[in-house]
$ cat work.txt   # compact mmCIF, C-alpha atoms
# COMPACT_ATOMS: atom_id res chain seq x y z
CA MET A 1 305.30 214.81 184.89
CA ASP A 2 302.04 212.87 185.30
CA LEU A 3 301.87 209.20 186.18
CA ARG A 4 301.13 208.06 182.64
CA ARG A 5 304.22 209.76 181.28
CA ARG A 6 306.42 208.54 184.12
CA LEU A 7 305.18 205.00 183.53
CA PHE A 8 305.95 205.31 179.84
CA VAL A 9 309.44 206.69 180.52
CA THR A 10 310.34 203.96 183.02
CA SER A 11 309.02 201.27 180.65
CA ALA A 12 311.22 202.67 177.88
CA ALA A 13 314.16 202.79 180.33
CA ILE A 14 313.72 199.07 181.11
CA LEU A 15 313.87 198.25 177.39
CA VAL A 16 316.98 200.41 177.01
CA VAL A 17 318.71 198.75 179.98
CA PHE A 18 317.79 195.29 178.70
CA ALA A 19 319.03 196.09 175.21
CA GLY A 20 322.20 197.60 176.67
CA GLY A 21 322.77 194.44 178.70
CA VAL A 22 322.38 192.20 175.65
CA VAL A 23 324.75 194.32 173.54
CA GLY A 24 327.24 194.65 176.43
CA PHE A 25 327.38 190.91 177.10
CA TYR A 26 327.76 190.19 173.41
CA VAL A 27 330.57 192.68 172.78
CA LEU A 28 332.49 192.06 175.99
CA GLY A 29 332.09 188.30 175.56
CA ARG A 30 333.71 188.52 172.13
CA ILE A 31 336.53 190.65 173.55
CA ALA A 32 337.09 188.10 176.33
CA GLY A 33 337.59 185.39 173.71
CA GLY A 34 334.19 183.75 173.95
CA ALA A 35 331.54 183.17 171.27
CA PRO A 36 328.21 184.14 172.91
CA THR A 37 324.96 184.07 170.98
CA VAL A 38 322.30 186.77 171.17
CA LEU A 39 319.96 184.35 172.97
CA GLU A 40 322.62 183.59 175.60
CA CYS A 41 323.22 187.32 176.12
CA ALA A 42 319.46 187.99 176.47
CA TYR A 43 319.14 185.09 178.93
CA GLN A 44 322.13 186.33 180.96
CA THR A 45 320.72 189.87 181.07
CA LEU A 46 317.29 188.67 182.17
CA ILE A 47 318.49 186.54 185.07
CA PHE A 48 320.77 189.32 186.33
CA LEU A 49 318.07 192.00 186.16
CA SER A 50 315.39 189.78 187.69
CA THR A 51 317.80 188.30 190.28
CA LEU A 52 316.20 184.92 189.53
CA GLY A 53 319.44 183.09 188.72
CA SER A 54 323.18 183.06 189.23
CA ARG A 55 324.55 181.45 186.05
CA GLU A 56 327.52 183.50 184.87
CA MET A 57 328.77 183.81 181.33
CA GLN A 58 332.31 182.52 180.98
CA PRO A 59 334.98 183.72 180.48
CA LEU A 60 333.49 187.24 180.69
CA CYS A 61 332.36 187.19 184.33
CA SER A 62 335.78 186.05 185.54
CA LEU A 63 337.45 189.22 184.18
CA TRP A 64 337.48 192.57 186.00
CA TYR A 65 335.73 194.55 183.24
CA GLY A 66 333.09 191.82 182.98
CA GLN A 67 332.43 191.99 186.71
CA LEU A 68 332.30 195.81 186.55
CA PHE A 69 329.78 195.64 183.70
CA VAL A 70 327.58 193.18 185.63
CA LEU A 71 327.77 195.39 188.74
CA VAL A 72 326.66 198.50 186.82
CA LEU A 73 323.97 196.55 184.94
CA VAL A 74 322.46 195.13 188.12
CA LEU A 75 322.48 198.45 190.00
CA VAL A 76 320.98 200.41 187.11
CA GLY A 77 318.52 197.66 186.28
CA MET A 78 317.28 197.29 189.85
CA GLY A 79 316.86 201.06 190.14
CA VAL A 80 314.84 201.29 186.94
CA LEU A 81 312.73 198.28 187.89
CA ALA A 82 312.03 199.79 191.32
CA LEU A 83 310.90 203.04 189.69
CA PHE A 84 308.69 201.12 187.26
CA VAL A 85 307.02 199.10 190.03
CA THR A 86 306.50 202.25 192.12
CA ASN A 87 304.92 204.16 189.23
CA LEU A 88 302.81 201.16 188.19
CA THR A 89 301.47 200.75 191.73
CA ALA A 90 300.72 204.47 192.01
CA PHE A 91 299.04 204.45 188.61
CA VAL A 92 296.78 201.54 189.54
CA VAL A 93 295.95 202.78 193.04
CA GLU A 94 295.36 206.42 192.07
CA GLY A 95 293.51 205.40 188.93
CA GLU A 96 291.13 203.17 190.86
CA ALA A 97 290.66 205.79 193.56
CA HIS A 98 289.99 208.46 190.94
CA ASN A 99 287.51 206.25 189.11
CA LEU A 100 285.73 205.32 192.33
CA PHE A 101 285.52 208.95 193.46
CA GLY A 102 284.42 210.05 190.00
CA ARG A 103 281.68 207.40 189.83
CA LYS A 104 280.30 208.34 193.25
CA LYS A 105 280.39 212.05 192.40
CA MET A 106 278.61 211.38 189.10
CA GLU A 107 275.96 209.24 190.82
CA LYS A 108 275.25 212.09 193.25
CA LEU A 109 274.91 214.59 190.39
CA LEU A 110 272.54 212.27 188.52
CA ALA A 111 270.42 211.67 191.63
CA LYS A 112 269.96 215.44 192.17
CA LEU A 113 268.72 216.11 188.64
CA ASN A 114 265.13 217.25 188.33
CA GLN A 115 263.32 219.05 185.51
CA HIS A 116 266.48 218.68 183.46
CA TYR A 117 267.22 217.99 179.81
CA VAL A 118 268.69 214.76 178.43
CA VAL A 119 270.91 214.95 175.35
CA CYS A 120 271.49 211.64 173.58
CA GLY A 121 274.62 211.93 171.46
CA ALA A 122 277.52 214.37 171.90
CA GLY A 123 278.76 214.21 168.32
CA ASP A 124 278.72 216.93 165.67
CA THR A 125 275.06 217.88 166.23
CA GLY A 126 274.76 217.10 169.93
CA HIS A 127 277.89 219.14 170.66
CA TYR A 128 276.09 222.38 169.72
CA VAL A 129 272.97 221.39 171.66
CA ILE A 130 275.03 220.86 174.82
CA GLU A 131 276.97 224.10 174.29
CA GLU A 132 273.74 226.10 174.07
CA LEU A 133 272.18 224.47 177.14
CA LEU A 134 275.34 225.09 179.16
CA ARG A 135 275.64 228.73 178.09
CA THR A 136 272.01 229.45 178.93
CA GLY A 137 272.23 227.79 182.35
CA HIS A 138 269.89 224.83 181.85
CA PRO A 139 270.46 221.61 183.84
CA LEU A 140 271.25 218.67 181.59
CA VAL A 141 272.75 215.21 181.38
CA VAL A 142 274.58 213.76 178.36
CA VAL A 143 274.58 210.19 177.05
CA ASP A 144 277.23 209.06 174.56
CA THR A 145 279.18 205.91 173.77
CA GLU A 146 282.47 207.85 173.53
CA GLU A 147 283.70 209.60 176.67
CA SER A 148 286.16 211.58 174.53
CA HIS A 149 283.23 213.47 172.97
CA ILE A 150 282.11 214.62 176.42
CA GLN A 151 285.63 215.47 177.56
CA ARG A 152 286.03 217.68 174.48
CA ILE A 153 283.02 219.70 175.63
CA LEU A 154 284.25 219.88 179.22
CA GLU A 155 287.56 221.31 178.01
CA GLY A 156 285.65 224.34 176.75
CA HIS A 157 283.66 224.60 180.01
CA PRO A 158 286.13 223.69 182.80
CA LYS A 159 283.92 225.15 185.55
CA ALA A 160 280.72 223.47 184.41
CA GLN A 161 279.24 220.50 186.23
CA LEU A 162 278.13 218.28 183.38
CA PRO A 163 276.63 214.95 184.47
CA TYR A 164 277.03 212.27 181.83
CA VAL A 165 276.62 208.55 181.27
CA VAL A 166 278.90 206.61 178.95
CA GLY A 167 276.86 203.97 177.14
CA ARG A 168 274.28 203.36 174.44
CA ALA A 169 271.20 205.55 174.74
CA THR A 170 269.12 202.62 173.46
CA ASP A 171 269.96 200.67 176.64
CA ASP A 172 267.10 200.75 179.16
CA GLN A 173 269.53 200.84 182.10
CA VAL A 174 271.28 203.88 180.66
CA LEU A 175 267.99 205.72 180.18
CA GLN A 176 267.05 204.84 183.74
CA LYS A 177 270.28 206.38 185.05
CA VAL A 178 269.59 209.76 183.45
CA GLY A 179 266.25 210.10 185.26
CA LEU A 180 263.83 210.25 182.33
CA GLU A 181 260.83 210.15 184.69
CA ARG A 182 262.07 213.42 186.31
CA ALA A 183 263.29 215.10 183.12
CA LYS A 184 261.74 218.08 181.40
CA GLY A 185 262.85 217.19 177.89
CA ILE A 186 265.08 214.98 175.77
CA VAL A 187 267.04 215.80 172.63
CA VAL A 188 267.94 212.80 170.45
CA THR A 189 270.75 213.44 167.94
CA LEU A 190 271.99 209.95 167.06
CA PRO A 191 272.92 209.29 163.41
CA ASP A 192 270.92 206.05 163.23
CA GLU A 193 267.22 206.72 162.54
CA ARG A 194 266.20 203.39 164.10
CA ASP A 195 267.95 204.27 167.35
CA ASN A 196 266.23 207.66 167.40
CA LEU A 197 262.86 205.98 166.85
CA PHE A 198 263.48 203.44 169.64
CA ILE A 199 264.55 206.15 172.12
CA THR A 200 261.50 208.25 171.21
CA VAL A 201 259.10 205.39 171.92
CA THR A 202 260.86 204.48 175.19
CA ALA A 203 261.00 208.08 176.40
CA ARG A 204 257.31 208.68 175.65
CA GLN A 205 256.30 205.52 177.50
CA THR A 206 258.52 206.39 180.46
CA ASN A 207 257.37 210.00 180.81
CA PRO A 208 254.20 211.07 178.96
CA LYS A 209 254.80 214.75 179.87
CA LEU A 210 258.34 214.78 178.47
CA ARG A 211 259.09 217.10 175.55
CA ILE A 212 260.92 215.10 172.87
CA VAL A 213 262.95 216.73 170.12
CA VAL A 214 264.56 214.39 167.57
CA ARG A 215 267.05 214.82 164.76
CA ALA A 216 265.98 213.32 161.43
CA SER A 217 268.17 213.09 158.36
CA GLU A 218 265.54 211.55 156.07
CA PRO A 219 262.28 213.45 155.40
CA GLN A 220 260.22 210.23 155.31
CA THR A 221 261.10 209.42 158.93
CA GLU A 222 259.58 212.63 160.31
CA GLN A 223 256.02 211.25 160.39
CA ARG A 224 257.19 208.01 162.00
CA LEU A 225 258.95 209.91 164.77
CA ARG A 226 255.90 212.10 165.38
CA ARG A 227 253.65 209.05 165.56
CA ALA A 228 256.11 207.49 167.99
CA GLY A 229 255.71 210.48 170.32
CA ALA A 230 258.18 213.16 169.20
CA ASP A 231 256.99 216.73 169.86
CA ALA A 232 259.38 218.21 167.29
CA VAL A 233 261.52 216.76 164.51
CA VAL A 234 264.47 218.79 163.24
CA SER A 235 266.07 218.20 159.85
CA PRO A 236 269.65 219.55 159.62
CA ASN A 237 269.38 219.51 155.82
CA ARG A 238 266.26 221.67 155.86
CA ILE A 239 267.74 224.11 158.35
CA GLY A 240 270.95 224.28 156.33
CA GLY A 241 268.99 225.13 153.19
CA MET A 242 267.00 227.84 154.97
CA ARG A 243 270.24 229.27 156.35
CA LEU A 244 271.78 229.44 152.88
CA ALA A 245 268.71 231.25 151.54
CA SER A 246 268.70 233.65 154.51
CA GLU A 247 272.36 234.48 154.00
CA MET A 248 271.46 235.51 150.48
CA ILE A 249 268.30 237.60 151.00
CA ARG A 250 268.61 238.85 154.62
CA PRO A 251 272.31 238.90 155.54
CA GLN A 252 271.99 241.59 158.24
CA VAL A 253 269.34 239.62 160.11
CA VAL A 254 271.50 236.50 159.99
CA GLY A 255 274.49 238.54 161.10
CA PHE A 256 272.53 239.91 164.06
CA LEU A 257 271.40 236.45 165.18
CA ASP A 258 274.90 235.02 164.72
CA HIS A 259 276.42 237.81 166.78
CA MET A 260 273.85 237.23 169.51
CA LEU A 261 274.56 233.48 169.63
CA LYS A 262 278.35 233.75 169.43
CA ASP A 263 278.83 236.67 171.82
CA HIS A 264 280.88 235.28 174.74
CA GLU A 265 280.53 238.39 176.90
CA LYS A 266 276.73 238.66 176.86
CA THR A 267 274.36 235.71 176.55
CA HIS A 268 271.29 237.22 174.88
CA ARG A 269 268.62 234.91 173.51
CA ILE A 270 265.06 234.90 172.22
CA GLU A 271 263.31 232.97 175.00
CA GLU A 272 259.82 232.01 176.08
CA ILE A 273 258.24 232.65 179.47
CA VAL A 274 255.01 230.90 180.41
CA LEU A 275 252.85 232.76 182.91
CA PRO A 276 251.74 230.28 185.61
CA PRO A 277 248.07 230.10 186.70
CA SER A 278 248.73 232.01 189.93
CA CYS A 279 250.90 234.61 188.22
CA SER A 280 250.79 238.14 189.65
CA LEU A 281 250.88 239.57 186.12
CA SER A 282 247.58 237.95 185.16
CA GLY A 283 245.04 240.66 184.37
CA LYS A 284 247.66 243.37 184.01
CA THR A 285 248.66 245.11 180.81
CA LEU A 286 252.16 244.92 179.38
CA ALA A 287 252.71 248.50 180.43
CA GLN A 288 251.75 247.65 184.02
CA ALA A 289 253.90 244.51 183.99
CA ASP A 290 256.88 246.63 182.91
CA LEU A 291 259.16 243.68 182.19
CA LYS A 292 261.92 245.99 181.01
CA LYS A 293 262.30 247.41 184.50
CA GLY A 294 265.02 245.52 186.34
CA SER A 295 265.24 242.76 183.74
CA ASP A 296 265.48 244.71 180.45
CA LEU A 297 263.36 242.17 178.57
CA LEU A 298 261.83 243.09 175.22
CA VAL A 299 258.49 241.38 174.51
CA LEU A 300 258.43 240.37 170.84
CA ALA A 301 255.18 238.41 170.82
CA VAL A 302 252.47 236.96 173.03
CA ARG A 303 250.61 233.70 172.56
CA ASP A 304 247.30 233.69 174.42
CA PRO A 305 246.22 230.35 175.95
CA ASP A 306 242.81 230.59 174.26
CA SER A 307 244.23 230.42 170.75
CA ALA A 308 247.28 229.19 168.89
CA ASP A 309 247.86 232.58 167.26
CA TYR A 310 250.73 234.88 168.10
CA ILE A 311 250.32 238.61 168.64
CA TYR A 312 253.47 240.14 167.18
CA GLY A 313 254.72 243.34 168.73
CA PRO A 314 251.89 243.49 171.31
CA PRO A 315 250.80 247.01 172.29
CA PRO A 316 251.36 248.34 175.84
CA GLY A 317 247.65 247.94 176.57
CA HIS A 318 247.59 244.20 175.83
CA VAL A 319 246.12 242.36 178.83
CA LEU A 320 248.09 239.33 180.00
CA LYS A 321 246.36 236.09 180.88
CA ALA A 322 247.38 233.10 182.97
CA ASN A 323 249.10 230.34 180.95
CA ALA A 324 249.98 232.84 178.21
CA THR A 325 253.43 232.54 176.63
CA LEU A 326 255.68 235.57 176.25
CA ILE A 327 258.32 235.53 173.51
CA VAL A 328 261.03 237.85 174.82
CA LEU A 329 264.51 239.03 173.88
CA GLY A 330 266.99 239.45 176.71
CA SER A 331 269.89 238.01 178.64
CA ALA A 332 269.75 234.47 179.98
CA ASP A 333 270.16 235.73 183.55
CA ALA A 334 267.23 238.14 183.15
CA VAL A 335 265.01 235.38 181.78
CA HIS A 336 265.88 233.05 184.68
CA SER A 337 265.24 235.89 187.14
CA VAL A 338 261.77 236.61 185.75
CA ARG A 339 260.87 232.92 185.64
CA SER A 340 261.89 232.48 189.27
CA ARG A 341 259.94 235.56 190.30
CA LEU A 342 256.78 234.45 188.51
CA SER A 343 256.93 230.89 189.86

$ encode --input "work.txt" --output "structure tokens"
Amino acid sequence: MDLRRRLFVTSAAILVVFAGGVVGFYVLGRIAGGAPTVLECAYQTLIFLSTLGSREMQPLCSLWYGQLFVLVLVLVGMGVLALFVTNLTAFVVEGEAHNLFGRKKMEKLLAKLNQHYVVCGAGDTGHYVIEELLRTGHPLVVVDTEESHIQRILEGHPKAQLPYVVGRATDDQVLQKVGLERAKGIVVTLPDERDNLFITVTARQTNPKLRIVVRASEPQTEQRLRRAGADAVVSPNRIGGMRLASEMIRPQVVGFLDHMLKDHEKTHRIEEIVLPPSCSLSGKTLAQADLKKGSDLLVLAVRDPDSADYIYGPPPGHVLKANATLIVLGSADAVHSVRSRLS
């Protein structure tokens, strides 16, 4: 039984003992020929249990069964009170120690973050963002006003180290804690459009290189968010409509993507790999690069740095260039392995 439950049980036991004392004094007082009131019985019970007084109810306390009742009441009451004080002390001490240890551990995790992602809001939309980042092995930190939202996510990922800050994402001190100046990107999923706009402006001013992705419910706010510095604005309503249409006209494609995203045994994703300037693959063809060997990555498209166009299904003889972006299909582990090798 945990401390909270023990504290609740002992608190309930104190109320039961007190109520039993009041009823006992009242009934036995009537039997002894007295006429006690409920207030007198409550007062008599309180001074006996607290050992703060010695006034005895007459004629009850002069009779043997009255003395026996007082003896039992005091022994039981003192035992229950001792248990309550012990549990209360343990609850306070352990709770403070746990909070202190947890705060220091969280501060260390936040200080180590670098090239991470910040997710503002762990509600209905942010929950799925965090789930995807955790499953694909990306470092992140979460900001939310409700710690229960974060704990709900941690219940599904008990082994994950998820740094988080409880507070308003519009607070400058909160944004400073999450290390915006060291972050790689920020996802803003708050329901209030004004809060999203404020966070976008603050994030862009704090880190000009930061990639900012913002949720927008209203179509007219998309341009405002882009002018404020957002790199991408996502409308859940638009995506929902496209999903409904896709379910109608291309159900097998949607089924394939759903299976890929929901598969708990294998984490396969369509990812992007940017070839760094000093990449060893620069100047080689896709056939020579042979990304499928050892990593089993399928190259779906290539975006050359000289143009914004994509080459879909590039041929084996396509020559790779530095700073080109590869759109690949493969496991999250394989993608991380290739990125580490190229960097």

$ residues_around --input "work.txt" --residues "Gly79 of chain A" --least-positions-apart "4" --cutoff "12 Å" --atoms "all atoms listed in the file" --output "ChimeraX atom specification"
/A:10,13-14,17,49-50,72-75,83-86

$ atom_distance --input "work.txt" --atom1 "atom CA of Glu272 of chain A" --atom2 "atom CA of Glu132 of chain A"
15.3 Å

$ closest_residue --input "work.txt" --among "A:Val178, A:Leu342, A:Ala230, A:Val319" --to "Arg215 of chain A" --atoms "all atoms listed in the file"
A:Ala230

$ atom_distance --input "work.txt" --atom1 "atom CA of Glu181 of chain A" --atom2 "atom CA of Leu140 of chain A"
13.8 Å

$ atom_distance --input "work.txt" --atom1 "atom CA of Val188 of chain A" --atom2 "atom CA of Val129 of chain A"
10.0 Å

$ residues_around --input "work.txt" --residues "Val119 of chain A" --least-positions-apart "2" --cutoff "10 Å" --atoms "all atoms listed in the file" --output "ChimeraX atom specification"
/A:116-117,121-122,126-127,129-130,133,140-144,164,169,178,185-190,213

$ closest_residue --input "work.txt" --among "A:Ala228, A:Leu180, A:Met78, A:Val23" --to "Arg194 of chain A" --atoms "all atoms listed in the file"
A:Ala228

$ closest_residue --input "work.txt" --among "A:Cys41, A:Ala322, A:Val70, A:Ile270" --to "Leu300 of chain A" --atoms "only C-alpha atoms"
A:Ile270

$ closest_residue --input "work.txt" --among "A:Val254, A:Leu68, A:Leu298, A:Val338" --to "Pro276 of chain A" --atoms "all atoms listed in the file"
A:Val338

$ closest_residue --input "work.txt" --among "A:Arg250, A:Arg224, A:Arg238, A:Lys266" --to "Asp333 of chain A" --atoms "all atoms listed in the file"
A:Lys266

$ residues_around --input "work.txt" --residues "Asp296 of chain A" --least-positions-apart "5" --cutoff "8 Å" --atoms "all atoms listed in the file" --output "ChimeraX atom specification"
/A:291,330,334

$ residues_around --input "work.txt" --residues "Thr45 of chain A" --least-positions-apart "2" --cutoff "7 Å" --atoms "only C-alpha atoms" --output "PDB file with C-alpha atoms, in the coordinates of the input"
ATOM      1  CA  PHE A  18     317.790 195.290 178.700  1.00  0.00           C
ATOM      2  CA  GLY A  21     322.770 194.440 178.700  1.00  0.00           C
ATOM      3  CA  VAL A  22     322.380 192.200 175.650  1.00  0.00           C
ATOM      4  CA  CYS A  41     323.220 187.320 176.120  1.00  0.00           C
ATOM      5  CA  ALA A  42     319.460 187.990 176.470  1.00  0.00           C
ATOM      6  CA  TYR A  43     319.140 185.090 178.930  1.00  0.00           C
ATOM      7  CA  ILE A  47     318.490 186.540 185.070  1.00  0.00           C
ATOM      8  CA  PHE A  48     320.770 189.320 186.330  1.00  0.00           C
ATOM      9  CA  LEU A  49     318.070 192.000 186.160  1.00  0.00           C
TER      10      LEU A  49
END
